[in-house]
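Printed here is target32.cif (mmCIF, C-alpha atoms):
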data_work
loop_
_atom_site.label_atom_id
_atom_site.label_comp_id
_atom_site.auth_asym_id
_atom_site.auth_seq_id
_atom_site.Cartn_x
_atom_site.Cartn_y
_atom_site.Cartn_z
CA MET A 1 74.48 341.81 151.01
CA SER A 2 74.03 339.70 147.88
CA THR A 3 74.00 341.42 144.50
CA LEU A 4 70.41 340.18 144.03
CA GLY A 5 69.45 341.71 147.36
CA GLN A 6 71.07 344.98 146.33
CA HIS A 7 69.15 344.88 143.04
CA ILE A 8 65.89 344.66 145.01
CA LEU A 9 66.92 347.57 147.23
CA ASP A 10 67.84 349.61 144.14
CA LEU A 11 64.38 348.99 142.64
CA VAL A 12 62.74 350.18 145.85
CA ALA A 13 65.01 353.24 146.00
CA LYS A 14 64.00 354.25 142.47
CA GLU A 15 60.38 354.47 143.71
CA ILE A 16 59.14 352.48 140.73
CA VAL A 17 55.51 351.52 141.32
CA PHE A 18 55.30 347.75 141.47
CA THR A 19 53.49 345.28 143.70
CA ASP A 20 55.55 342.12 143.28
CA LEU A 21 58.92 340.80 142.13
CA ARG A 22 59.33 337.44 140.43
CA ILE A 23 62.76 335.87 140.66
CA GLU A 24 63.77 332.69 138.84
CA GLU A 25 67.35 331.65 138.32
CA ARG A 26 68.78 332.29 134.85
CA LYS A 27 65.81 334.52 133.91
CA PRO A 28 65.42 338.31 134.21
CA VAL A 29 63.93 339.54 137.49
CA MET A 30 60.35 340.63 136.72
CA ILE A 31 58.29 343.35 138.39
CA ARG A 32 54.49 343.59 138.34
CA THR A 33 53.51 347.16 137.39
CA PRO A 34 50.06 348.70 136.76
CA VAL A 35 50.40 347.83 133.07
CA GLY A 36 51.64 344.28 133.59
CA TRP A 37 54.87 342.38 134.22
CA LYS A 38 58.12 343.97 133.05
CA PRO A 39 61.68 342.58 133.02
CA THR A 40 64.56 344.27 134.80
CA ASP A 41 68.18 344.12 133.64
CA TYR A 42 69.27 341.61 136.30
CA VAL A 43 69.52 337.86 135.59
CA PRO A 44 70.32 335.88 138.77
CA GLU A 45 72.20 332.60 138.91
CA HIS A 46 71.36 329.77 141.30
CA GLU A 47 73.90 331.03 143.84
CA ASP A 48 72.32 334.52 143.81
CA VAL A 49 68.90 333.11 144.70
CA THR A 50 70.18 330.79 147.45
CA MET A 51 72.32 333.57 148.97
CA LEU A 52 69.28 335.87 149.14
CA LEU A 53 67.14 333.11 150.66
CA ASN A 54 69.81 332.36 153.28
CA ALA A 55 69.78 336.01 154.27
CA MET A 56 65.99 336.22 154.48
CA GLN A 57 64.91 332.79 155.76
CA LYS A 58 67.60 330.58 157.26
CA ASP A 59 65.45 327.42 157.46
CA TRP A 60 64.12 327.62 153.90
CA LYS A 61 65.93 324.46 152.74
CA ALA A 62 64.44 322.26 155.46
CA ARG A 63 60.97 323.72 154.96
CA LEU A 64 61.18 323.32 151.18
CA ALA A 65 62.30 319.71 151.57
CA ALA A 66 59.27 319.03 153.77
CA ASP A 67 56.79 320.74 151.45
CA SER A 68 56.55 321.86 147.85
CA HIS A 69 56.77 325.55 148.74
CA VAL A 70 57.60 327.96 151.55
CA ASP A 71 55.75 331.15 152.56
CA PHE A 72 57.49 333.64 154.81
CA SER A 73 57.74 337.24 155.93
CA THR A 74 61.10 338.85 156.61
CA PHE A 75 63.24 341.99 156.54
CA LEU A 76 65.82 343.14 154.00
CA ASN A 77 67.69 346.22 155.32
CA ASN A 78 64.63 347.22 157.39
CA ILE A 79 62.29 346.73 154.43
CA ARG A 80 59.51 344.27 155.32
CA LEU A 81 58.86 341.63 152.67
CA ARG A 82 56.47 338.73 152.10
CA GLY A 83 57.92 335.86 150.10
CA HIS A 84 56.92 332.61 148.43
CA VAL A 85 59.55 330.20 147.14
CA CYS A 86 59.12 326.93 145.26
CA ARG A 87 61.00 324.56 142.98
CA VAL A 88 60.26 324.70 139.23
CA MET A 89 61.41 323.02 136.03
CA GLY A 90 61.12 319.55 137.50
CA GLY A 91 62.94 320.53 140.67
CA ASN A 92 65.97 321.89 138.81
CA ALA A 93 65.48 325.57 139.58
CA LEU A 94 64.19 327.90 142.29
CA CYS A 95 61.46 330.49 141.79
CA MET A 96 60.48 333.20 144.25
CA VAL A 97 57.81 335.90 144.36
CA ILE A 98 58.37 338.77 146.79
CA ARG A 99 56.06 341.58 147.84
CA ARG A 100 57.09 344.64 149.80
CA LEU A 101 54.97 345.21 152.91
CA PRO A 102 54.13 348.70 154.18
CA ASP A 103 55.63 349.88 157.45
CA ALA A 104 52.26 350.80 158.99
CA ALA A 105 48.61 349.87 158.59
CA PRO A 106 46.77 352.21 156.19
CA LYS A 107 43.68 354.29 156.80
CA ILE A 108 40.35 353.58 155.11
CA GLU A 109 40.28 356.88 153.27
CA GLY A 110 43.93 356.53 152.28
CA ILE A 111 43.38 353.43 150.14
CA GLY A 112 40.17 354.58 148.47
CA LEU A 113 37.60 352.55 150.40
CA PRO A 114 34.17 354.19 150.62
CA ILE A 115 33.69 355.62 154.10
CA VAL A 116 30.34 353.80 154.37
CA VAL A 117 32.23 350.60 155.29
CA GLU A 118 32.79 352.15 158.72
CA THR A 119 29.18 351.28 159.51
CA PHE A 120 30.16 347.59 159.36
CA LEU A 121 32.77 348.13 162.07
CA ARG A 122 30.19 349.42 164.55
CA ALA A 123 28.50 346.02 164.63
CA PRO A 124 29.24 344.29 167.95
CA SER A 125 29.33 340.89 166.27
CA GLY A 126 28.94 339.20 162.90
CA LEU A 127 30.97 338.39 159.81
CA ILE A 128 32.61 340.91 157.46
CA LEU A 129 34.08 339.48 154.25
CA VAL A 130 36.59 341.10 151.89
CA THR A 131 36.68 339.34 148.54
CA GLY A 132 38.44 339.69 145.21
CA PRO A 133 41.00 337.99 142.98
CA THR A 134 44.62 337.43 143.96
CA SER A 135 46.63 340.68 144.28
CA SER A 136 43.53 342.86 144.61
CA GLY A 137 44.54 344.44 147.92
CA LYS A 138 42.36 342.35 150.26
CA THR A 139 45.01 342.18 153.00
CA THR A 140 45.48 345.95 152.84
CA THR A 141 41.73 346.52 153.12
CA LEU A 142 41.48 344.19 156.13
CA ALA A 143 44.39 346.03 157.75
CA ALA A 144 42.64 349.38 157.19
CA LEU A 145 39.44 348.04 158.78
CA LEU A 146 41.33 346.73 161.81
CA GLN A 147 43.21 349.99 162.15
CA ARG A 148 39.91 351.89 162.26
CA ILE A 149 38.63 349.57 165.00
CA ASN A 150 41.93 350.16 166.79
CA GLU A 151 41.23 353.89 166.69
CA MET A 152 37.54 353.60 167.58
CA ARG A 153 37.22 351.33 170.59
CA ALA A 154 38.92 349.25 173.25
CA ALA A 155 38.88 345.69 171.94
CA HIS A 156 41.02 342.58 172.01
CA ILE A 157 41.82 341.79 168.36
CA VAL A 158 43.21 338.35 167.54
CA THR A 159 44.62 337.84 164.05
CA ILE A 160 45.49 334.57 162.29
CA GLU A 161 47.58 335.34 159.21
CA ASP A 162 49.69 333.63 156.55
CA PRO A 163 52.08 335.36 156.98
CA ILE A 164 51.75 338.43 159.24
CA GLU A 165 51.91 341.39 156.88
CA TYR A 166 50.98 344.45 158.93
CA VAL A 167 52.31 344.83 162.47
CA PHE A 168 49.81 346.84 164.50
CA GLU A 169 50.59 349.28 167.27
CA ASP A 170 48.11 349.12 170.14
CA LYS A 171 46.01 352.29 170.36
CA GLN A 172 42.49 351.91 171.73
CA SER A 173 42.69 348.15 171.10
CA VAL A 174 45.21 345.45 172.00
CA PHE A 175 46.42 342.97 169.34
CA THR A 176 47.41 339.32 169.47
CA GLN A 177 48.89 338.50 166.05
CA ARG A 178 49.53 334.84 165.20
CA GLU A 179 51.14 333.40 162.09
CA LEU A 180 50.47 330.12 160.30
CA SER A 181 53.20 327.47 160.61
CA THR A 182 55.12 329.30 163.32
CA ASP A 183 52.32 330.07 165.83
CA VAL A 184 49.41 327.87 164.68
CA PRO A 185 49.27 324.94 162.23
CA THR A 186 46.03 325.90 160.42
CA PHE A 187 43.48 328.68 160.25
CA SER A 188 40.80 326.46 161.79
CA SER A 189 42.99 325.43 164.73
CA GLY A 190 43.97 329.07 165.16
CA MET A 191 40.29 329.94 165.35
CA GLU A 192 39.70 327.27 167.99
CA ALA A 193 42.53 328.70 170.09
CA ALA A 194 41.41 332.29 169.49
CA MET A 195 38.01 331.58 171.02
CA ARG A 196 39.78 330.78 174.31
CA GLN A 197 41.65 334.10 174.32
CA CYS A 198 38.60 336.26 175.10
CA PRO A 199 38.63 338.09 171.74
CA ASP A 200 36.25 340.84 170.70
CA VAL A 201 37.43 340.88 167.08
CA ILE A 202 39.03 338.06 165.08
CA LEU A 203 40.81 338.37 161.73
CA ILE A 204 41.13 335.27 159.55
CA GLY A 205 43.65 335.92 156.80
CA GLU A 206 41.80 333.70 154.32
CA ILE A 207 38.89 331.25 154.41
CA ARG A 208 40.30 328.35 152.41
CA ASP A 209 38.36 325.34 153.62
CA GLN A 210 35.16 324.09 155.22
CA ASP A 211 36.55 323.92 158.76
CA THR A 212 37.69 327.56 158.67
CA ALA A 213 34.40 328.71 157.11
CA PHE A 214 32.35 326.96 159.79
CA ALA A 215 34.60 328.30 162.57
CA ALA A 216 34.21 331.86 161.24
CA VAL A 217 30.42 331.64 161.21
CA ARG A 218 30.31 330.04 164.69
CA ALA A 219 32.50 332.80 166.10
CA ALA A 220 30.29 335.47 164.51
CA GLU A 221 27.17 333.81 165.93
CA SER A 222 28.74 333.60 169.39
CA GLY A 223 29.19 337.36 169.69
CA ARG A 224 32.52 338.12 168.02
CA LEU A 225 33.13 340.45 165.11
CA VAL A 226 34.97 338.34 162.52
CA LEU A 227 36.80 339.74 159.49
CA ALA A 228 38.06 337.43 156.75
CA SER A 229 39.05 337.31 153.10
CA THR A 230 37.96 334.95 150.38
CA HIS A 231 38.37 334.67 146.62
CA SER A 232 35.43 335.78 144.49
CA GLN A 233 34.92 338.46 141.87
CA THR A 234 31.74 339.90 143.43
CA THR A 235 29.94 340.20 146.75
CA ILE A 236 27.18 337.81 145.65
CA GLY A 237 29.83 335.41 144.44
CA ALA A 238 31.29 335.46 147.95
CA VAL A 239 27.87 334.52 149.39
CA TYR A 240 27.63 331.51 147.07
CA LYS A 241 31.21 330.51 147.86
CA MET A 242 30.61 330.55 151.62
CA LEU A 243 27.39 328.56 151.24
CA SER A 244 29.16 326.05 148.99
CA PHE A 245 31.11 324.86 152.02
CA TYR A 246 27.83 323.47 153.38
CA GLY A 247 27.41 321.19 150.37
CA ALA A 248 23.94 319.63 150.22
CA GLU A 249 22.87 321.72 153.24
CA ALA A 250 23.57 325.05 151.49
CA GLN A 251 19.88 325.90 151.00
CA SER A 252 18.91 325.16 154.59
CA LYS A 253 21.92 327.08 155.97
CA ALA A 254 21.30 330.26 153.95
CA ALA A 255 19.15 331.88 156.66
CA SER A 256 21.60 331.35 159.53
CA PHE A 257 24.51 332.48 157.38
CA ALA A 258 22.62 335.63 156.29
CA HIS A 259 21.86 336.54 159.90
CA SER A 260 25.53 336.20 160.86
CA LEU A 261 26.67 338.36 157.94
CA VAL A 262 27.33 342.08 158.47
CA GLY A 263 28.60 342.98 155.02
CA ILE A 264 30.88 342.15 152.11
CA ILE A 265 33.42 344.26 150.24
CA ALA A 266 34.45 343.07 146.79
CA GLN A 267 37.34 344.86 145.16
CA ALA A 268 39.85 345.07 142.36
CA LEU A 269 43.00 347.08 141.67
CA LEU A 270 42.82 348.81 138.28
CA PRO A 271 45.54 350.67 136.38
CA ALA A 272 45.33 354.44 136.87
CA THR A 273 45.26 356.89 133.99
CA ASP A 274 48.92 357.77 134.59
CA GLY A 275 49.90 354.13 133.93
CA GLU A 276 52.16 354.21 136.97
CA SER A 277 49.84 353.36 139.86
CA PHE A 278 46.79 351.33 140.86
CA VAL A 279 43.32 352.51 141.86
CA LEU A 280 40.90 350.62 144.08
CA ALA A 281 37.41 349.90 142.73
CA SER A 282 34.97 348.35 145.17
CA GLU A 283 31.50 346.93 145.60
CA VAL A 284 29.80 347.08 149.00
CA LEU A 285 26.95 344.85 150.15
CA ASN A 286 25.27 345.76 153.43
CA ALA A 287 23.75 342.50 154.70
CA ARG A 288 21.93 344.32 157.52
CA ASP A 289 19.64 346.10 155.07
CA PRO A 290 16.23 344.45 155.79
CA GLN A 291 15.39 343.67 152.15
CA MET A 292 18.92 342.48 151.43
CA GLN A 293 18.90 340.17 154.44
CA SER A 294 15.50 338.80 153.43
CA TYR A 295 16.80 337.88 149.97
CA LEU A 296 20.05 336.41 151.31
CA SER A 297 18.14 334.27 153.81
CA GLN A 298 16.47 332.31 151.00
CA TYR A 299 18.86 330.44 148.74
CA ASP A 300 16.61 330.76 145.70
CA GLN A 301 16.35 334.54 146.27
CA ILE A 302 20.06 335.33 146.43
CA LYS A 303 20.02 336.46 142.81
CA GLN A 304 17.41 339.03 143.82
CA ALA A 305 19.91 340.32 146.38
CA GLY A 306 22.29 340.83 143.46
CA ASN A 307 19.65 342.78 141.56
CA LEU A 308 18.98 344.95 144.62
CA LEU A 309 22.69 345.70 144.86
CA THR A 310 23.09 346.40 141.14
CA THR A 311 20.30 348.95 141.16
CA GLY A 312 21.83 350.67 144.19
CA LYS A 313 18.57 350.54 146.14
CA GLY A 314 19.95 348.81 149.23
CA THR A 315 20.91 351.03 152.17
CA HIS A 316 24.69 351.57 152.33
CA CYS A 317 25.13 349.36 149.25
CA ILE A 318 27.45 350.40 146.44
CA PRO A 319 27.46 348.47 143.13
CA PHE A 320 30.72 348.11 141.24
CA ASN A 321 29.48 350.30 138.40
CA ARG A 322 28.87 353.24 140.71
CA SER A 323 32.46 352.97 141.92
CA LEU A 324 33.74 352.69 138.36
CA GLN A 325 31.69 355.64 137.19
CA ALA A 326 33.06 357.77 140.01
CA LEU A 327 36.63 356.83 139.10
CA VAL A 328 36.03 357.61 135.41
CA SER A 329 34.41 360.96 136.27
CA ALA A 330 37.37 361.86 138.46
CA ARG A 331 39.69 360.83 135.60
CA ARG A 332 41.45 358.36 137.83
CA ILE A 333 40.87 355.47 135.38
CA ASP A 334 40.15 355.42 131.66
CA GLU A 335 36.65 354.59 130.50
CA SER A 336 38.07 351.67 128.52
CA VAL A 337 39.44 350.18 131.75
CA ALA A 338 36.06 350.58 133.45
CA LYS A 339 34.23 348.96 130.54
CA GLY A 340 36.70 346.10 130.44
CA PHE A 341 36.14 345.35 134.11
CA SER A 342 32.40 346.04 134.40
CA ALA A 343 29.88 343.22 134.09
CA MET A 344 27.45 345.77 132.57
CA PRO A 345 29.56 348.23 130.55
CA VAL A 346 26.46 349.59 128.81
CA GLN A 347 25.97 351.80 131.85
CA PHE A 348 29.04 353.82 130.88
CA THR A 349 27.59 355.00 127.59
#
Conversion result in structure tokens:
Amino acid sequence: MSTLGQHILDLVAKEIVFTDLRIEERKPVMIRTPVGWKPTDYVPEHEDVTMLLNAMQKDWKARLAADSHVDFSTFLNNIRLRGHVCRVMGGNALCMVIRRLPDAAPKIEGIGLPIVVETFLRAPSGLILVTGPTSSGKTTTLAALLQRINEMRAAHIVTIEDPIEYVFEDKQSVFTQRELSTDVPTFSSGMEAAMRQCPDVILIGEIRDQDTAFAAVRAAESGRLVLASTHSQTTIGAVYKMLSFYGAEAQSKAASFAHSLVGIIAQALLPATDGESFVLASEVLNARDPQMQSYLSQYDQIKQAGNLLTTGKGTHCIPFNRSLQALVSARRIDESVAKGFSAMPVQFT
């Protein structure tokens, strides 16, 4: 065991709340806490970083030589980790970001998702999107949704991930989990293969490009329930992002996209009042609400869908401010945090 590896194990053993570690040679190891990045007392040398990488990912040198970065998932003394390594400082140093992965998929209620999202999972087909900024817990939310399906019904669930983060145990459902680079070259090619595996449910780790976006919608239209993540601050922002893949055809494709859509969850992780943990705030858009679907089907009416959501009038729709207000009332986050995040902080006065 390298001394850097032991330092990581020591941090985990202390039960300090952090989501990520940043390691760069000749700089202090940093941890991302609810109140921001903090340095630890360990400063690794080049040999420390390479020794840790050799222990976690034996082919990292070849993969790094072939590309500008390497993504991987691995184990360190039975602790599951997700890693990203790249060269920095003009190729003269190595930098790595590591995230600890949970041992088991979480439950919806355990991570703070509103229970209303279960209604999305009863749809036999369609598209469910989870959106938010980087490090907002999207992968965890998707895992919780899949775990609930696993508990609810007998289905074949095919996942395409980069990398695999949660390893599922078959309960009611059976899983086929595939990883980018090792099992499939791209998300879109993974989707093409998944459609030949008789899936009932498909998870796409992230919609990054036009081919993957189109494949997700086609699968939803063909009778599969598709879950995927994307990057957007709000549910309406996710609608615009998906339609942007259609380019000049965005307006004409709005109706077909709206009819394939089941719902969208937008989320963020906010610092808790104790300063030592994170709290999930979420916005839920139910695309099967008749008025909501009508607005989403017309490109020039999508803003009206946002207004319907903001006012909380849509069935099974939850605006961000309602979630924030509930967290403030329960004293789980400070009002200042809610106001700083909210697009309409006046509602907190």
So which residues touch Gln172 in chain A within 9 Å, counting only C-alpha atoms, skipping near sequence neighbours fewer than 2 positions away, as a PyMOL selection string? chain A and resi 149-155+170+174
Using the chain letters and residue numbers of this document, give as a PyMOL selection string the residues selected by the PyMOL selection byres ((chain A and resi 270-284) around 6). chain A and resi 34+112+264-269+285+317-320+323+332-334
What is the distance, in Å and to one decimal place, between CA of Ala255 in chain A and CA of Ala219 in chain A? 16.4 Å
Give me the residues near Trp37 in chain A as a list in words, where near means some atom within 12 Å (using only C-alpha atoms) and where sequence neighbours in that chain fewer than 3 positions away do not count. Val17, Phe18, Thr19, Asp20, Leu21, Arg22, Pro28, Val29, Met30, Ile31, Arg32, Thr33, Pro34 and Thr40 of chain A
Report as a ChimeraX atom specification the residues that result from applying the PyMOL selection byres ((chain A and resi 98) around 12) to the structure here. /A:5,8,18-24,29-32,52-53,56,70-76,79-86,95-97,99-101
Spell out the residues picked by the PyMOL selection byres ((chain A and resi 125) around 7) here, as a PyMOL selection string. chain A and resi 123-124+126+220+223-225
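Within the 7 Å cut-off around Leu227 in chain A, using only C-alpha atoms and omitting residues fewer than 5 positions from it on the same chain, the listed residues are A:Leu127, A:Ile128, A:Leu129, A:Ile202, A:Leu203, A:Ile204.
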Write out as a list in words which residues come within 9 Å of range 236-250 of chain A when counting all atoms listed in the file, dropping same-chain ones fewer than 3 positions away.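 Contacts, in chain order: Leu129, Val130, Thr131, Gly132, Ile207, Asp209, Gln210, Asp211, Ala213, Phe214, Thr230, His231, Ser232, Gln233, Lys253, Ala254, Phe257, Ala258, Ile264, Ala266, Leu285, Leu296, Tyr299, Ile302, Lys303, Ala305 and Gly306 of chain A.
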Students should find that CA of Gln293 in chain A and CA of Leu146 in chain A are spaced 24.5 Å
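Nearest to Arg196 in chain A of all the residues A:Val158, A:Val226, A:Val12, A:Ala66 is A:Val158, counting only C-alpha atoms.
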Between A:Asp300, A:Glu161, A:Glu192, A:Asp10, which has the minimum distance to Gln177 in chain A (counting only C-alpha atoms)? A:Glu161
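Between CA of Pro44 in chain A and CA of Lys27 in chain A there is a distance of 6.8 Å.
Of the listed residues (A:Glu109, A:Glu47, A:Asp162, A:Asp103), A:Asp162 comes nearest to Pro185 in chain A; the distances count all atoms listed in the file.
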Ranking A:Arg87, A:Phe175, A:Thr119, A:Met344 by minimum distance to Asp67 in chain A and counting all atoms listed in the file, which one comes first? A:Arg87
Kindly provide, as AutoDock Vina command-line options, the centre and edge lengths (Å, one decimal) of an axis-aligned box around all atoms of range 309-328 of chain A given in the file, with 8 Å on each side.
--center_x 27.6 --center_y 351.7 --center_z 143.9 --size_x 34.1 --size_y 28.1 --size_z 32.9
For Val167 in chain A, the nearest of the candidates A:Leu4, A:Ala104, A:Val217, A:Val116, counting only C-alpha atoms: A:Ala104
Of the candidates A:Glu25, A:Val49, A:Leu11, A:Gln301, which one gets nearest to Val88 in chain A if we count only C-alpha atoms? A:Glu25
